[in-house]
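Colleague: Mind looking over this structure? Questions follow.
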Amino acid sequence: MISFVLRRLASAVPTLFIVVTISFFLMRFAPGGPFNLERPLPPQTMANLMRTYHLDQPLWSQYLTYIGNAVTGDFGPSYIYKDNTVFELIGKGLPYSLQLGGYALLLALVGGVLAGTIAALRQNSAFDFLIMSVSTVGVTVPNFVVGPVLTLIFAISLAWLPAGSWGDGSLRFLILPMIALALPQLAVFARLTRGSMIEAMHTDHIRTARAYGLPSRVVVVTHAMRAAMLPVVSYLAPAAAALLTGSAVIETIFTIPGVGRYFVLGAINRDYTLVMGTVVLIAIFVIVFNLLVDILYGLLDPRVRHD
Amino acid sequence: MEENKETILSVKNLKVSFSTPDGTVEAVKGIDLDVKAGETIAVVGESGSGKSQTMMGIMGLLAANGAVEGSARYRGQELVGLPLDSLNKVRGARITMIFQEPMTSLDPLYTIGRQIAEPIVHHRGGSFKEARVRVLELLELVGIPEPGRRIDSYPHELSGGQRQRVMIAMALANDPDILIADEPTTALDVTIQAQILDLLNSLQARFGMAVVLITHDLGIVRHFASRVVVMRRGEVVETGTTADIFERPQADYTRMLLAAEPSGHKPAPADNAPIILEGRNVAVDYATGGGLFGRSAGTFRAVDGVSIRLRQGQTIGIVGESGSGKSTLGRALLRLVPSSGRYNFETTDISDFGRAAMRPLRRELQLVFQDPYGSLSPRQTVGEIITEGLYVHEPQLSRAARDKRAIEALREVGLDPAARNRYPHEFSGGQRQRIAIARAIILKPKVVILDEPTSALDRSVQGQVIDLLRDLQNKNGLSYIFISHDLSVIKAMSDYVVVMKDGKIVEEGETEAIFEAPRETYTQALMSAAFTA
């Protein structure tokens with residue numbers, strides 16, 4: 001097991017390197033730069049800025065410098081949020097994104113699995129159709145629609161909940177963004193669970209469990225659900241990485257100071273270092289969660305053993 | 001003396017139906033059946049006879065679209081329509097079941113110890129820890145070696161035979177009155193089959209429960225059951241003592257089933273018949289497992305230095321149990337798997353032929369698989385399936401010429417040529433196997449390797465497919481390599497037999513010699529398991 005984890009972590013290094021390289025050059029090949037503003041800067045100022053940030057160096061030399069610094073944990077200064085290093089910006093925003101994303105992940109997982117299981121057990125019932133219709137809506141309606149609609153109903157019309165901002169960080173402020181963030185993932189979890197649960201209920205060993213007079217609760221929870229959770233667990237890794245690293249749309253709509261905004265804002269403003277920082281962050285989350293999920297999978301399914 | 005025993009399960013006018021998009025299908029059409037205390041009753045029938053669905057209906061295990069009507073009384077208690085809570089007190093405690101598929105009937109995510117303990121805990125109370133003593137006893141009883149260690153194994157760590165033993169342990173856990181065994185040995189090798197049947201026999205003698213044996217295999221019935229119920233298309237055709245059914249069958253269908261054991265024998269080709277396909281020192285290795293950085297855990301030798309020589313018009317039967325390497329040998333001879341050894345086709349040395357060099361020879365060397373369901377693409381019409389090879393090997397053919405060949409090939413395998421516009425799912429297992437054979441012979445091959453072509457088929461259909469293969473061989477001068485675990489089919493089809501075990505040839509010779517006077521102990525064991533069960 002330990003050697004499995006070590007090998008996986010070792011293989012993460014080349015993965016990260018490739019991700020960094022591709023995004024570095026993609027960013028640079030996009031037209032414009034961090035200091036190309038609507039009103040052009042005087043040439044002298046521009047030249048000074050370029051020199052300060054070493055943007056006047058050849059591209060390959062900039063790349064090597066970036067890699068060299070990144071290895072030591074220095075992701076450089078942000079070009080737009082002056083006086084802030086990328087590390088500081090992400091360090092400030094991440095706790096907000098993690099907290100909101102954590103709640104959303106919990107909601108999506110628990111809600112999705114419950115809804116999917118009930119839908120599967122009452123296949124083709126009214127409840128099943130309701131859950132599946134809602135989850136289709138969840139998948140298809142984008143969150144920049146869901147967010148404002150939720151705000152309109154619950155914050156403005158009913159005035160039950162605040163419309164935005166982190167506030168004092170209490171749950172009241174988080175409920176609407178959490179729902180808007182969780183809904184698409186909840187829908188995916190519900191569909192996955194329903195499908196694998198229906199399949200699991202038709203397996204031979206479920207027939208065995210029923211033939212031996214085990215109570216329905218044991219048949220469903222102990223035998224069918226454990227098998228049905230395997231595909232759900234596989235999806236957990238990308239879902240967790242997506243939710244915990246923040247959503248630009250949700251954070252903007254609900255004015256939450258998380259890291260999700262940085263990726264989009266950084267890209268629009270050609271804030272090269274900030275974009276690179278968020279890319280590395282997301283890549284690390286994806287790698288770590290995939291590893292955790294693989295370990296969890298091994299614990300759930302004795303046929304998969306890591307050694 | 002059977003007559004004096006108390007009837008413990010009385011089935012009256014039992015009907016099972018399934019609602020499908022095409023309307024209601026009646027699987028069981030009102031049957032009567034009595035099970036007496038301590039007896040063994042066999043319910044015999046081919047696929048679709050409703051033999052399994054009868055039991056599933058009684059036990060409340062039908063698929064969601066199934067419905068059961070009529071009456072099934074267990075010691076006076078009506079089981080049909082019984083609320084789930086009450087039914088759950090009977091099933092797993094008083095009436096238990098074992099199933100055909102030992103590979104999938106156990107939950108892969110729990111240890112066998114826990115799964116055997118579950119019915120004990122649920123029916124008798126107590127904790128899993130307390131049940132462990134009883135589980136160990138049961139594992140010992142069903143002959144699992146080292147029960148103390150095996151109790152914590154997962155199903156995938158056991159062989160098929162051992163898994164069926166685990167199922168039997170589960171079935172015995174609560175000292176049942178009735179044990180329903182639904183095709184308990186069908187998925188197992190013949191030597192294992194015999195062991196499992198012996199085990200059931202001895203356990204029954206010891207504990208005195210009644211056994212309901214559901215099977216398609218009359219061979220098993222003769223030595224195992226005291227009474228036989230023959231079913232066909234949801235109805236009981238005939239009921240009687242085993243002796244009566246075998247000695248004085250009344251119904252035509254029963255007589256047909258009894259006669260359906262494949263018969264006949266194949267004369268050897270002339271001594272001067274040319275050698276058409278030869279493999280010398282064939283060896284095939286499989287890599288077992290592989291690590292993240294390409295670490296290979298090792299290799300497994302599936303075929304180990306086998307030499308075989310097929311002459312024009314000959315049929316070589318290759319017999320062996322699962323894992324003996326017989327199918328792998330067949331694929332190696334066709335150069336479909338990486339292998340070492342020397343190979344000749346007719347007078348050409350094909351040992352070093354790669355994929356491209358082999359391609360023109362492929363039409364001469366055809367393969368028919370066991371599974372007529374998995375080996376035909378469900379999205380192609382039968383016509384498309386059987387003419388596909390013509391596109392590769394005779395690309396010059398016009399559309400009309402290809403269609404003509406398809407019609408010929410379908411006629412040759414005894415199917416209506418109109419079948420070429422239909423899809424595989426519209427055909428039965430036997431018809432599908434005919435389609436697979438048509439796909440092979442449309443190319444006019446010289447050698448056909450038949451890999452368990454009859455194993456998925458009912459006995460009566462098997463006989464027809466064997467007759468067809470024989471006909472085709474006589475008409476077209478084909479040479480066959482016939483791979484099977486089924487000795488009676490091998491005996492009927494081949495003039496030369498090769499017995500394989502663990503990748504090696506144990507014994508080979510003319511069919512008669514092998515069947516009349518096997519020299520090796522393994523061959524003898526195989527024979528006695530197959531013909532006395």
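As shown in the structure tokens, the chain order sets the letters A, B, ...; within each chain, residues go from 1, and ligands are also counted from 1 in the order they appear.
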Fewer than 3 positions away in the same chain doesn't count, so skip those; otherwise give me all residues within 7 Å of segment 11-28 of chain A, counting only C-alpha atoms, as a list in words.
Modeller: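 So the residues in contact are Arg7, Arg8, Tyr272, Met276, Val280, Ala283 and Ile287 of chain A.
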Colleague: Which chain B residues are at most 8 Å from chain A (counting only C-alpha atoms), as a list in words?
Modeller: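 Here they are: Met59, Leu61, Asp85, Leu87, Asn88, Lys89, Val90, Arg91, Gly92, Ala93, Thr96, Met97, Glu101, Thr104, Ser105, Leu106, Asp107, Pro108, Leu109, Tyr110, Glu118, Pro119, His122, Tyr154, His156 and Leu292 of chain B.
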Colleague: Pick out the residues sitting within 7 Å of segment 158-165 of chain B, and hand them over as a list in words; count only C-alpha atoms, and ignore anything fewer than 5 positions along from it in its own chain.
Modeller: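 That gives Pro102, Met103, Val142, Ile144, Leu188 and Ile192 of chain B.
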Colleague: Just give me the gap between atom CA of Gln204 of chain B and atom CA of Leu136 of chain B in Å, one decimal is fine.
Modeller: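 Between atom CA of Gln204 of chain B and atom CA of Leu136 of chain B the gap is 19.4 Å.
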Colleague: Skip Tyr253 of chain B itself and residues of its chain fewer than 5 positions away, then list as a PyMOL selection string all residues within 10 Å of it, counting only C-alpha atoms.
Modeller: chain B and resi 45+230-232+237-238+258-259
Colleague: Can you pull out the residues contacting Leu14 of chain B? Cut-off 6 Å, using only C-alpha atoms, and skip same-chain residues under 6 positions away; I want them as a compact mmCIF listing (two decimals) with N, CA, C and O atoms, in the first residue's frame.
Modeller:
# COMPACT_ATOMS: atom_id res chain seq x y z
N GLY B 30 -49.57 -23.59 -15.02
CA GLY B 30 -50.44 -24.36 -14.14
C GLY B 30 -49.93 -25.78 -13.89
O GLY B 30 -50.50 -26.74 -14.38
N ILE B 31 -48.86 -25.90 -13.12
CA ILE B 31 -48.32 -27.25 -12.87
C ILE B 31 -48.60 -27.70 -11.43
O ILE B 31 -48.80 -26.88 -10.53
N GLU B 69 -49.25 -17.21 -9.73
CA GLU B 69 -50.62 -17.51 -9.32
C GLU B 69 -50.69 -18.97 -8.92
O GLU B 69 -49.82 -19.75 -9.31
N GLY B 70 -51.77 -19.35 -8.26
CA GLY B 70 -51.95 -20.74 -7.88
C GLY B 70 -51.54 -20.94 -6.43
O GLY B 70 -51.57 -19.99 -5.64
N SER B 71 -51.10 -22.14 -6.12
CA SER B 71 -50.86 -22.44 -4.71
C SER B 71 -49.58 -23.24 -4.55
O SER B 71 -49.26 -24.12 -5.35
Colleague: Using only C-alpha atoms, find the one residue out of B:Ile95, B:Val25, B:Val461, B:Ala37 that sits nearest to Gly50 of chain B.
Modeller: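 Among the listed residues, B:Val25 lies closest to Gly50 of chain B.
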Colleague: If we count only C-alpha atoms and set the cut-off at 12 Å, which residues sit around Ala267 of chain A, ignoring sequence neighbours fewer than 2 positions away in its own chain? Please answer as a ChimeraX atom specification.
Modeller: /A:23-24,26-28,30-34,78-80,248,260-265,269-279
Colleague: Quick one: pull the distance between atom CA of Phe127 of chain A and atom CA of Ala63 of chain B, Å, one decimal.
Modeller: 21.0 Å
Colleague: Name the residues of segment 267-460 of chain B that come out as helix (DSSP H, G or I) in a backbone DSSP run; write them as a PyMOL selection string.
Modeller: chain B and resi 326-333+355-362+382-393+399-412+417-421+424-426+429-441+459-460
Colleague: Please provide as a VMD selection string all residues within 10 Å of Thr252 of chain A, with the sequence filter that same-chain residues fewer than 3 positions apart are discarded (counting only C-alpha atoms).
Modeller: chain A and resid 144 164 to 165 247 to 249 255 to 258 260 to 261
Colleague: If you measure from atom CA of Pro21 of chain B to atom CA of Thr215 of chain B, what distance in Å do you get, rounded to one decimal?
Modeller: 29.3 Å
